[in-house]
Structure formats: structure tokens, C-alpha cells
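> Quick one, structure-v5.cif (mmCIF, C-alpha atoms):
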```
data_structure
loop_
_atom_site.label_atom_id
_atom_site.label_comp_id
_atom_site.auth_asym_id
_atom_site.auth_seq_id
_atom_site.Cartn_x
_atom_site.Cartn_y
_atom_site.Cartn_z
CA MET M 214 -54.74 1.18 12.74
CA PRO M 215 -55.40 2.27 16.33
CA ILE M 216 -52.41 2.33 18.68
CA THR M 217 -52.82 -0.34 21.32
CA ARG M 218 -50.48 -1.31 24.12
CA ARG M 219 -49.53 -4.45 22.17
CA ASN M 220 -48.76 -2.50 18.98
CA LEU M 221 -46.76 0.10 20.87
CA THR M 222 -44.75 -2.54 22.73
CA ALA M 223 -44.01 -4.42 19.53
CA GLY M 224 -42.90 -1.20 17.84
CA LEU M 225 -40.59 -0.25 20.68
CA MET M 226 -39.05 -3.72 20.68
CA ALA M 227 -38.52 -3.63 16.91
CA ALA M 228 -36.92 -0.16 16.85
CA PRO M 229 -33.49 -1.22 18.24
CA MET M 230 -33.45 -4.19 15.88
CA CYS M 231 -34.16 -1.93 12.92
CA ALA M 232 -31.42 0.46 14.04
CA ARG M 233 -28.92 -2.40 14.30
CA PHE M 234 -29.95 -3.71 10.88
CA ALA M 235 -29.56 -0.26 9.32
CA ARG M 236 -26.15 0.12 10.94
CA ALA M 237 -25.14 -3.33 9.72
CA GLN M 238 -25.88 -2.24 6.16
CA THR M 239 -23.94 1.05 6.45
CA PRO M 240 -20.60 0.66 4.64
CA LEU M 241 -17.29 1.10 6.44
CA MET M 242 -15.65 3.89 4.46
CA PHE M 243 -12.00 3.82 3.41
CA THR M 244 -10.26 6.06 0.90
CA GLN M 245 -7.02 5.73 -0.99
CA VAL M 246 -4.76 8.34 -2.54
CA ILE M 247 -2.48 6.63 -5.05
CA GLU M 248 -0.39 7.37 -8.10
CA LEU M 249 -2.71 7.01 -11.08
CA THR M 250 -0.73 9.38 -13.31
CA GLY M 251 2.98 10.05 -13.73
CA ALA M 252 6.03 7.77 -13.52
CA ALA M 253 4.59 5.56 -10.76
CA ALA M 254 1.17 5.08 -12.41
CA ARG M 255 1.85 1.41 -13.18
CA THR M 256 2.60 0.71 -9.52
CA GLY M 257 -0.40 2.75 -8.40
CA ASP M 258 -2.66 0.86 -10.77
CA ALA M 259 -1.40 -2.48 -9.46
CA TRP M 260 -2.07 -1.33 -5.88
CA ARG M 261 -5.59 -0.19 -6.82
CA ASN M 262 -6.35 -3.52 -8.49
CA GLY M 263 -5.16 -5.43 -5.43
CA VAL M 264 -7.22 -3.29 -3.05
CA GLU M 265 -10.36 -3.59 -5.17
CA MET M 266 -9.96 -7.36 -5.32
CA ALA M 267 -9.54 -7.53 -1.54
CA VAL M 268 -12.64 -5.37 -0.96
CA GLN M 269 -14.70 -7.60 -3.26
CA GLU M 270 -13.53 -10.75 -1.46
CA ILE M 271 -14.17 -9.31 2.00
CA ASN M 272 -17.63 -8.09 1.06
CA ALA M 273 -18.47 -11.42 -0.56
CA ALA M 274 -17.57 -13.09 2.75
CA GLY M 275 -19.94 -10.83 4.69
CA GLY M 276 -17.84 -7.71 5.24
CA VAL M 277 -16.38 -6.70 8.59
CA LEU M 278 -18.68 -7.13 11.60
CA GLY M 279 -21.51 -7.57 9.14
CA ARG M 280 -20.81 -4.27 7.37
CA PRO M 281 -19.55 -3.99 3.78
CA LEU M 282 -16.42 -2.05 2.90
CA GLN M 283 -16.51 0.89 0.51
CA MET M 284 -13.39 2.30 -1.10
CA ILE M 285 -13.08 5.65 -2.90
CA THR M 286 -9.92 6.35 -4.90
CA PHE M 287 -8.12 9.66 -5.53
CA ASP M 288 -5.06 10.47 -7.66
CA SER M 289 -2.10 11.64 -5.58
CA GLY M 290 -0.77 13.39 -8.67
CA ASN M 291 -3.32 16.15 -8.04
CA GLY M 292 -1.54 17.10 -4.81
CA HIS M 293 -2.82 18.34 -1.45
CA ALA M 294 -6.34 19.05 -2.72
CA GLU M 295 -6.99 15.36 -3.43
CA VAL M 296 -5.65 14.40 0.00
CA ARG M 297 -8.06 16.86 1.64
CA ARG M 298 -10.95 15.40 -0.35
CA ALA M 299 -9.94 11.89 0.66
CA LEU M 300 -10.06 12.83 4.34
CA GLU M 301 -13.56 14.31 4.25
CA GLY M 302 -16.44 12.53 5.94
CA GLU M 303 -16.40 9.50 8.22
CA VAL M 304 -13.27 7.83 6.89
CA LEU M 305 -11.76 5.02 8.96
CA ALA M 306 -8.33 4.94 7.31
CA LEU M 307 -6.39 6.15 4.29
CA LEU M 308 -4.54 3.79 1.95
CA GLY M 309 -1.57 4.99 -0.12
CA PRO M 310 0.32 6.55 -1.69
CA VAL M 311 2.69 3.87 -2.93
CA THR M 312 5.93 5.86 -3.35
CA SER M 313 7.90 7.86 -0.81
CA GLY M 314 7.52 11.40 -2.20
CA PRO M 315 3.70 11.43 -2.32
CA VAL M 316 3.59 9.72 1.09
CA ARG M 317 5.60 12.56 2.61
CA MET M 318 3.29 15.04 0.89
CA ALA M 319 0.13 13.45 2.32
CA ALA M 320 1.36 12.39 5.77
CA PRO M 321 1.00 15.74 7.63
CA GLN M 322 -2.67 16.08 6.64
CA VAL M 323 -3.38 12.47 7.60
CA ARG M 324 -1.70 12.93 10.99
CA ALA M 325 -3.71 16.08 11.60
CA ALA M 326 -6.88 14.10 10.85
CA ARG M 327 -5.74 11.43 13.36
CA LEU M 328 -6.24 8.62 10.87
CA ALA M 329 -4.26 5.47 10.24
CA GLN M 330 -2.41 5.52 6.92
CA ILE M 331 -1.31 2.30 5.18
CA VAL M 332 1.22 2.99 2.44
CA GLY M 333 3.02 1.06 -0.26
CA ALA M 334 6.26 3.06 0.06
CA ASP M 335 9.25 1.31 1.62
CA ALA M 336 11.50 4.14 2.81
CA SER M 337 12.57 3.32 6.37
CA ASP M 338 12.28 6.91 7.61
CA LEU M 339 8.53 7.08 6.91
CA THR M 340 7.48 5.18 10.02
CA THR M 341 8.18 6.26 13.58
CA PRO M 342 7.40 4.54 16.91
CA GLY M 343 3.93 5.49 18.07
CA GLY M 344 2.98 6.93 14.68
CA THR M 345 -0.14 6.18 12.67
CA LEU M 346 1.61 5.42 9.36
CA PHE M 347 2.08 1.75 8.49
CA ARG M 348 3.90 0.11 5.58
CA ALA M 349 2.06 -2.65 3.73
CA SER M 350 5.37 -4.52 3.38
CA PRO M 351 8.19 -5.06 5.89
CA GLY M 352 10.52 -2.69 4.03
CA PRO M 353 13.97 -3.19 2.50
CA ALA M 354 15.69 -3.37 5.89
CA VAL M 355 13.94 -6.71 6.38
CA ARG M 356 13.60 -7.89 2.78
CA MET M 357 17.13 -7.29 1.48
CA PRO M 358 19.00 -9.36 4.12
CA ARG M 359 16.51 -12.19 3.56
CA LEU M 360 16.92 -11.94 -0.22
CA ALA M 361 20.71 -11.99 0.01
CA THR M 362 20.60 -14.99 2.35
CA TRP M 363 18.24 -16.82 0.02
CA LEU M 364 20.41 -16.08 -3.04
CA HIS M 365 23.52 -17.40 -1.29
CA ASP M 366 22.15 -20.30 0.77
CA ASP M 367 19.20 -21.60 -1.24
CA ALA M 368 19.79 -20.49 -4.83
CA GLY M 369 23.55 -21.03 -4.63
CA ALA M 370 24.22 -17.77 -6.49
CA ARG M 371 27.80 -16.51 -6.57
CA ARG M 372 27.44 -13.79 -9.22
CA VAL M 373 24.31 -11.66 -9.74
CA SER M 374 23.29 -8.68 -11.84
CA LEU M 375 21.36 -5.80 -10.31
CA VAL M 376 18.73 -3.96 -12.38
CA TRP M 377 16.99 -1.26 -10.37
CA SER M 378 14.76 1.76 -10.82
CA ASN M 379 16.62 5.06 -10.58
CA THR M 380 14.35 6.50 -7.88
CA GLU M 381 14.79 7.22 -4.20
CA PHE M 382 13.31 3.83 -3.38
CA GLY M 383 15.34 2.05 -6.05
CA ARG M 384 18.66 3.61 -5.01
CA GLY M 385 18.10 2.82 -1.35
CA GLY M 386 17.10 -0.76 -2.05
CA ARG M 387 20.02 -1.26 -4.43
CA ASP M 388 22.58 0.03 -1.90
CA MET M 389 21.17 -2.12 0.88
CA LEU M 390 21.10 -5.27 -1.25
CA ALA M 391 24.63 -4.65 -2.56
CA ARG M 392 25.95 -4.45 1.03
CA GLU M 393 24.16 -7.64 1.99
CA LEU M 394 25.44 -9.47 -1.10
CA GLN M 395 29.01 -8.40 -0.30
CA ALA M 396 28.63 -9.63 3.27
CA HIS M 397 27.54 -13.02 1.91
CA GLY M 398 30.39 -13.18 -0.58
CA VAL M 399 28.14 -12.81 -3.62
CA GLN M 400 29.72 -10.82 -6.46
CA VAL M 401 27.77 -8.14 -8.34
CA ALA M 402 28.55 -8.91 -11.98
CA THR M 403 26.75 -5.90 -13.52
CA ASP M 404 24.84 -2.99 -12.03
CA HIS M 405 22.18 -1.11 -14.03
CA ALA M 406 19.96 1.86 -13.14
CA VAL M 407 16.86 2.14 -15.35
CA VAL M 408 14.66 5.15 -15.95
CA PRO M 409 11.24 4.84 -14.28
CA GLY M 410 8.48 4.20 -16.79
CA ALA M 411 10.82 3.22 -19.62
CA ALA M 412 9.14 1.39 -22.48
CA GLY M 413 11.80 -1.33 -22.66
CA TYR M 414 15.06 -2.55 -21.15
CA GLU M 415 16.83 -4.11 -24.14
CA THR M 416 20.21 -2.55 -23.28
CA GLU M 417 20.15 -3.78 -19.72
CA VAL M 418 18.92 -7.25 -20.65
CA THR M 419 21.70 -7.58 -23.25
CA ALA M 420 24.34 -6.54 -20.72
CA VAL M 421 23.00 -8.98 -18.14
CA ALA M 422 23.02 -11.81 -20.69
CA ARG M 423 26.64 -11.09 -21.59
CA ALA M 424 27.68 -11.08 -17.96
CA ALA M 425 26.06 -14.50 -17.45
CA PRO M 426 25.35 -14.00 -13.76
#
```
What would you get if you wrote out this structure as C-alpha cells?


Amino acid sequence: MPITRRNLTAGLMAAPMCARFARAQTPLMFTQVIELTGAAARTGDAWRNGVEMAVQEINAAGGVLGRPLQMITFDSGNGHAEVRRALEGEVLALLGPVTSGPVRMAAPQVRAARLAQIVGADASDLTTPGGTLFRASPGPAVRMPRLATWLHDDAGARRVSLVWSNTEFGRGGRDMLARELQAHGVQVATDHAVVPGAAGYETEVTAVARAAP
């Protein structure tokens, strides 16, 4: 077809529209580095399922600014190499890990890449003012006082049993909750640390039942 002024004008007018359409179809890339193996694999799997469900719902609603989300998942159990892989390319943000140790392992590389990092870990020392690391939950410093208040004021509890995971996160949360319960006058009837990833908790459940909290 010969190039006429009309054809050329129409082509020039269509070019920006085509570029915007192509950009609208380009996915917004996110990656996540989570615990898919090891003691925290169950928690990592739950996080992954939640993220995948959210991505599906967002994309079904039209994405973000007309662009779909794309998530690629890496196992934090493979160490620094997986974090480096997760940071390659045009990544907008990194999700995970979900426990404090792997978060501390990944954080320096994420900071160096100048990316936002949204983690599942709750340790209060992970976030600093002006930093780029964000917790997906408010953390035990907010949750535990609210839980203790609810147990005392709303549930009317006067004796409770504590069953907690014997990890850094579990110990910190247990200590904080125990202090808040004491401040509210709620007695700790029994106190049980459980091994992460244990197949069952029959001993602890029996002890709790006997204590009748």
C-alpha cells in the first residue's frame, strides 16, 4: 500500500496508543523469598498460598493501573543465592521471608537493591524509621497488649495456658504476652514450649486439659 499523508498521520496517531496498550499488558513483577523447606515450611506455604490468592483476585479485578501482577517464588532455605536471583530484573518489591532469621539474612541485599521488602516476621528490631522493610502484621508489641486486654475484658479469662513455639519469635511473643497478662491480673496456669514442626502436641494438650484454664 502506498504511503499517503493520511496513512502516515493515522500511523503516527496510533503509535502512542499501541505503546500504551503494550505497557498496560506488561506485568508488574514481584518476587518472594519464603521458607518452603525446613522447620518453617508450613508457615511459608501458608504465606505463599495467601499471596497467590491475592494476586489472582487482583488480576481478576483488572490488575493495578490496568497491569496484571506476576509473582515468582524462591526458597529462602537455599540462602543468599536465591535472594540474589529474586532481585534480578525489574522487580518492584520483594515479599518474605516469614521468620526473623531468614529476614536478617536477606535484608542487606534487599537494602542494597533499594527495594521495599514486606515480611511475615514479627521481631520488633527488624524495622527501623526510614527503612524499606515493612511487616505484614503490626507485630507482637501491638498484638499482645490487645490480646491480653481482650482475654481479660471481653473473654473474662482469669486463668490461661500458654502453648508457644520454641523459636526466637515464639519466645519473644510468649514473654511479652506473659507480662501483659500479669499486668491485667490474669494467671498463667501452665506454660509449654513446643518444638517447631512437631507432628503432634498430645503431651501439651493433656497438660492444658488437666489445668482447666

> Apply the PyMOL selection byres ((chain M and resi 258-273) around 9) to the structure shown and report the selected residues as a PDB file with C-alpha atoms, in the frame of the given file.


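This went into part37.pdb:
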```
ATOM      1  CA  GLN M 245      -7.020   5.730  -0.990  1.00  0.00           C
ATOM      2  CA  ILE M 247      -2.480   6.630  -5.050  1.00  0.00           C
ATOM      3  CA  GLU M 248      -0.390   7.370  -8.100  1.00  0.00           C
ATOM      4  CA  LEU M 249      -2.710   7.010 -11.080  1.00  0.00           C
ATOM      5  CA  ALA M 253       4.590   5.560 -10.760  1.00  0.00           C
ATOM      6  CA  ALA M 254       1.170   5.080 -12.410  1.00  0.00           C
ATOM      7  CA  ARG M 255       1.850   1.410 -13.180  1.00  0.00           C
ATOM      8  CA  THR M 256       2.600   0.710  -9.520  1.00  0.00           C
ATOM      9  CA  GLY M 257      -0.400   2.750  -8.400  1.00  0.00           C
ATOM     10  CA  ALA M 274     -17.570 -13.090   2.750  1.00  0.00           C
ATOM     11  CA  GLY M 275     -19.940 -10.830   4.690  1.00  0.00           C
ATOM     12  CA  GLY M 276     -17.840  -7.710   5.240  1.00  0.00           C
ATOM     13  CA  VAL M 277     -16.380  -6.700   8.590  1.00  0.00           C
ATOM     14  CA  GLY M 279     -21.510  -7.570   9.140  1.00  0.00           C
ATOM     15  CA  ARG M 280     -20.810  -4.270   7.370  1.00  0.00           C
ATOM     16  CA  PRO M 281     -19.550  -3.990   3.780  1.00  0.00           C
ATOM     17  CA  LEU M 282     -16.420  -2.050   2.900  1.00  0.00           C
ATOM     18  CA  GLN M 283     -16.510   0.890   0.510  1.00  0.00           C
ATOM     19  CA  MET M 284     -13.390   2.300  -1.100  1.00  0.00           C
ATOM     20  CA  THR M 286      -9.920   6.350  -4.900  1.00  0.00           C
ATOM     21  CA  GLY M 309      -1.570   4.990  -0.120  1.00  0.00           C
ATOM     22  CA  VAL M 311       2.690   3.870  -2.930  1.00  0.00           C
ATOM     23  CA  GLY M 333       3.020   1.060  -0.260  1.00  0.00           C
TER      24      GLY M 333
END
```

> For Glu303 of chain M, which of M:Gly251, M:Gly383, M:Pro240, M:Gly352 is the closest residue, counting all atoms listed in the file?

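Smallest distance to Glu303 of chain M is found for M:Pro240.
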
> Enter the distance from atom CA of Ala412 of chain M to atom CA of Phe287 of chain M, in Å, rounded to one decimal.

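Atom CA of Phe287 of chain M lies 25.6 Å from atom CA of Ala412 of chain M.
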
> Which residues, named as in the file, does the PyMOL selection byres ((chain M and resi 344) around 12) pick out? Answer as an NGL selection string.

:M and (320-321 or 323-325 or 327-331 or 338-343 or 345-348)

> Restricted to C-alpha atoms, what would the selected residues look like written as a JSON list (two decimals), in the frame of the given file?


```json
[["chain", "number", "residue", "atom", "x", "y", "z"],
["M", 320, "ALA", "CA", 1.36, 12.39, 5.77],
["M", 321, "PRO", "CA", 1.00, 15.74, 7.63],
["M", 323, "VAL", "CA", -3.38, 12.47, 7.60],
["M", 324, "ARG", "CA", -1.70, 12.93, 10.99],
["M", 325, "ALA", "CA", -3.71, 16.08, 11.60],
["M", 327, "ARG", "CA", -5.74, 11.43, 13.36],
["M", 328, "LEU", "CA", -6.24, 8.62, 10.87],
["M", 329, "ALA", "CA", -4.26, 5.47, 10.24],
["M", 330, "GLN", "CA", -2.41, 5.52, 6.92],
["M", 331, "ILE", "CA", -1.31, 2.30, 5.18],
["M", 338, "ASP", "CA", 12.28, 6.91, 7.61],
["M", 339, "LEU", "CA", 8.53, 7.08, 6.91],
["M", 340, "THR", "CA", 7.48, 5.18, 10.02],
["M", 341, "THR", "CA", 8.18, 6.26, 13.58],
["M", 342, "PRO", "CA", 7.40, 4.54, 16.91],
["M", 343, "GLY", "CA", 3.93, 5.49, 18.07],
["M", 345, "THR", "CA", -0.14, 6.18, 12.67],
["M", 346, "LEU", "CA", 1.61, 5.42, 9.36],
["M", 347, "PHE", "CA", 2.08, 1.75, 8.49],
["M", 348, "ARG", "CA", 3.90, 0.11, 5.58]]
```

> For Thr403 of chain M, find every residue with an atom within 8 Å (counting all atoms listed in the file), except residues of its own chain fewer than 3 positions away, and show them as a list in words.

Val373, Ser374, Leu375, Ala420, Val421 and Ala424 of chain M

> Return the single residue from M:Glu415, M:Asp335, M:Asp288, M:Glu301 that is closest to Phe382 of chain M, with distances computed using all atoms listed in the file.

M:Asp335

> Counting all atoms listed in the file, what is within 10 Å of segment 384-395 of chain M, bar same-chain residues fewer than 4 positions away, as a PyMOL selection string?

chain M and resi 335-337+352-354+356-362+364-365+370-373+375-380+399-401+404-406

> How far is it from atom CA of Ala294 of chain M to atom CA of Val246 of chain M, in Å with one decimal?

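We find that atom CA of Ala294 of chain M and atom CA of Val246 of chain M lie 10.8 Å from each other.
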
> To one decimal place, how far is atom CA of Ala319 of chain M from atom CA of Val296 of chain M in Å?

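Computed distance, atom CA of Ala319 of chain M to atom CA of Val296 of chain M, equals 6.3 Å.
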
> Smallest atom-to-atom distance to Val408 of chain M: which of M:Thr244, M:Asn291, M:Glu381, M:Ala334, using only C-alpha atoms?

M:Glu381

> Restore all heavy atoms in segment 244-255 of chain M and list the result as a PDB file, keeping the file's coordinate frame.


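See selection-v9.pdb below for the written result:
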```pdb
ATOM      1  N   THR M 244     -10.655   5.370   2.128  1.00  0.00           N
ATOM      2  CA  THR M 244     -10.260   6.060   0.900  1.00  0.00           C
ATOM      3  C   THR M 244      -8.803   5.721   0.613  1.00  0.00           C
ATOM      4  O   THR M 244      -8.062   5.291   1.490  1.00  0.00           O
ATOM      5  CB  THR M 244     -10.407   7.590   1.035  1.00  0.00           C
ATOM      6  OG1 THR M 244      -9.675   8.043   2.190  1.00  0.00           O
ATOM      7  CG2 THR M 244     -11.859   7.993   1.175  1.00  0.00           C
ATOM      8  N   GLN M 245      -8.428   5.905  -0.639  1.00  0.00           N
ATOM      9  CA  GLN M 245      -7.020   5.730  -0.990  1.00  0.00           C
ATOM     10  C   GLN M 245      -6.590   6.836  -1.926  1.00  0.00           C
ATOM     11  O   GLN M 245      -7.338   7.259  -2.809  1.00  0.00           O
ATOM     12  CB  GLN M 245      -6.780   4.349  -1.600  1.00  0.00           C
ATOM     13  CG  GLN M 245      -7.589   4.009  -2.828  1.00  0.00           C
ATOM     14  CD  GLN M 245      -7.270   2.618  -3.341  1.00  0.00           C
ATOM     15  OE1 GLN M 245      -6.299   1.980  -2.932  1.00  0.00           O
ATOM     16  NE2 GLN M 245      -8.076   2.115  -4.260  1.00  0.00           N
ATOM     17  N   VAL M 246      -5.377   7.323  -1.697  1.00  0.00           N
ATOM     18  CA  VAL M 246      -4.760   8.340  -2.540  1.00  0.00           C
ATOM     19  C   VAL M 246      -3.513   7.689  -3.140  1.00  0.00           C
ATOM     20  O   VAL M 246      -2.528   7.441  -2.434  1.00  0.00           O
ATOM     21  CB  VAL M 246      -4.372   9.592  -1.730  1.00  0.00           C
ATOM     22  CG1 VAL M 246      -3.688  10.616  -2.625  1.00  0.00           C
ATOM     23  CG2 VAL M 246      -5.603  10.201  -1.083  1.00  0.00           C
ATOM     24  N   ILE M 247      -3.557   7.384  -4.422  1.00  0.00           N
ATOM     25  CA  ILE M 247      -2.480   6.630  -5.050  1.00  0.00           C
ATOM     26  C   ILE M 247      -2.076   7.269  -6.370  1.00  0.00           C
ATOM     27  O   ILE M 247      -2.779   8.123  -6.917  1.00  0.00           O
ATOM     28  CB  ILE M 247      -2.908   5.160  -5.286  1.00  0.00           C
ATOM     29  CG1 ILE M 247      -4.226   5.102  -6.056  1.00  0.00           C
ATOM     30  CG2 ILE M 247      -3.013   4.411  -3.976  1.00  0.00           C
ATOM     31  CD1 ILE M 247      -4.684   3.700  -6.390  1.00  0.00           C
ATOM     32  N   GLU M 248      -0.940   6.828  -6.878  1.00  0.00           N
ATOM     33  CA  GLU M 248      -0.390   7.370  -8.100  1.00  0.00           C
ATOM     34  C   GLU M 248      -1.082   6.752  -9.316  1.00  0.00           C
ATOM     35  O   GLU M 248      -0.774   5.622  -9.695  1.00  0.00           O
ATOM     36  CB  GLU M 248       1.119   7.097  -8.165  1.00  0.00           C
ATOM     37  CG  GLU M 248       1.937   7.816  -7.117  1.00  0.00           C
ATOM     38  CD  GLU M 248       1.968   7.109  -5.764  1.00  0.00           C
ATOM     39  OE1 GLU M 248       1.005   6.376  -5.468  1.00  0.00           O
ATOM     40  OE2 GLU M 248       2.932   7.283  -5.019  1.00  0.00           O
ATOM     41  N   LEU M 249      -2.011   7.483  -9.888  1.00  0.00           N
ATOM     42  CA  LEU M 249      -2.710   7.010 -11.080  1.00  0.00           C
ATOM     43  C   LEU M 249      -2.189   7.676 -12.339  1.00  0.00           C
ATOM     44  O   LEU M 249      -2.537   7.267 -13.450  1.00  0.00           O
ATOM     45  CB  LEU M 249      -4.209   7.263 -10.935  1.00  0.00           C
ATOM     46  CG  LEU M 249      -4.889   6.527  -9.775  1.00  0.00           C
ATOM     47  CD1 LEU M 249      -6.363   6.897  -9.703  1.00  0.00           C
ATOM     48  CD2 LEU M 249      -4.715   5.021  -9.897  1.00  0.00           C
ATOM     49  N   THR M 250      -1.368   8.713 -12.187  1.00  0.00           N
ATOM     50  CA  THR M 250      -0.730   9.380 -13.310  1.00  0.00           C
ATOM     51  C   THR M 250       0.747   9.567 -12.962  1.00  0.00           C
ATOM     52  O   THR M 250       1.139   9.487 -11.805  1.00  0.00           O
ATOM     53  CB  THR M 250      -1.363  10.750 -13.608  1.00  0.00           C
ATOM     54  OG1 THR M 250      -1.343  11.556 -12.404  1.00  0.00           O
ATOM     55  CG2 THR M 250      -2.802  10.601 -14.063  1.00  0.00           C
ATOM     56  N   GLY M 251       1.565   9.824 -13.965  1.00  0.00           N
ATOM     57  CA  GLY M 251       2.980  10.050 -13.730  1.00  0.00           C
ATOM     58  C   GLY M 251       3.799   8.773 -13.801  1.00  0.00           C
ATOM     59  O   GLY M 251       3.320   7.708 -14.204  1.00  0.00           O
ATOM     60  N   ALA M 252       5.075   8.875 -13.373  1.00  0.00           N
ATOM     61  CA  ALA M 252       6.030   7.770 -13.520  1.00  0.00           C
ATOM     62  C   ALA M 252       5.640   6.537 -12.737  1.00  0.00           C
ATOM     63  O   ALA M 252       5.969   5.415 -13.130  1.00  0.00           O
ATOM     64  CB  ALA M 252       7.420   8.246 -13.084  1.00  0.00           C
ATOM     65  N   ALA M 253       4.939   6.701 -11.617  1.00  0.00           N
ATOM     66  CA  ALA M 253       4.590   5.560 -10.760  1.00  0.00           C
ATOM     67  C   ALA M 253       3.173   5.048 -11.026  1.00  0.00           C
ATOM     68  O   ALA M 253       2.634   4.287 -10.222  1.00  0.00           O
ATOM     69  CB  ALA M 253       4.747   5.930  -9.300  1.00  0.00           C
ATOM     70  N   ALA M 254       2.570   5.456 -12.139  1.00  0.00           N
ATOM     71  CA  ALA M 254       1.170   5.080 -12.410  1.00  0.00           C
ATOM     72  C   ALA M 254       0.991   3.573 -12.500  1.00  0.00           C
ATOM     73  O   ALA M 254      -0.032   3.037 -12.071  1.00  0.00           O
ATOM     74  CB  ALA M 254       0.684   5.754 -13.688  1.00  0.00           C
ATOM     75  N   ARG M 255       1.977   2.864 -13.050  1.00  0.00           N
ATOM     76  CA  ARG M 255       1.850   1.410 -13.180  1.00  0.00           C
ATOM     77  C   ARG M 255       1.782   0.757 -11.791  1.00  0.00           C
ATOM     78  O   ARG M 255       0.984  -0.151 -11.552  1.00  0.00           O
ATOM     79  CB  ARG M 255       3.021   0.845 -13.973  1.00  0.00           C
ATOM     80  CG  ARG M 255       2.944  -0.646 -14.240  1.00  0.00           C
ATOM     81  CD  ARG M 255       4.091  -1.123 -15.094  1.00  0.00           C
ATOM     82  NE  ARG M 255       4.101  -0.472 -16.396  1.00  0.00           N
ATOM     83  CZ  ARG M 255       5.049  -0.649 -17.310  1.00  0.00           C
ATOM     84  NH1 ARG M 255       6.065  -1.450 -17.044  1.00  0.00           N
ATOM     85  NH2 ARG M 255       4.989  -0.035 -18.469  1.00  0.00           N
TER      86      ARG M 255
END
```
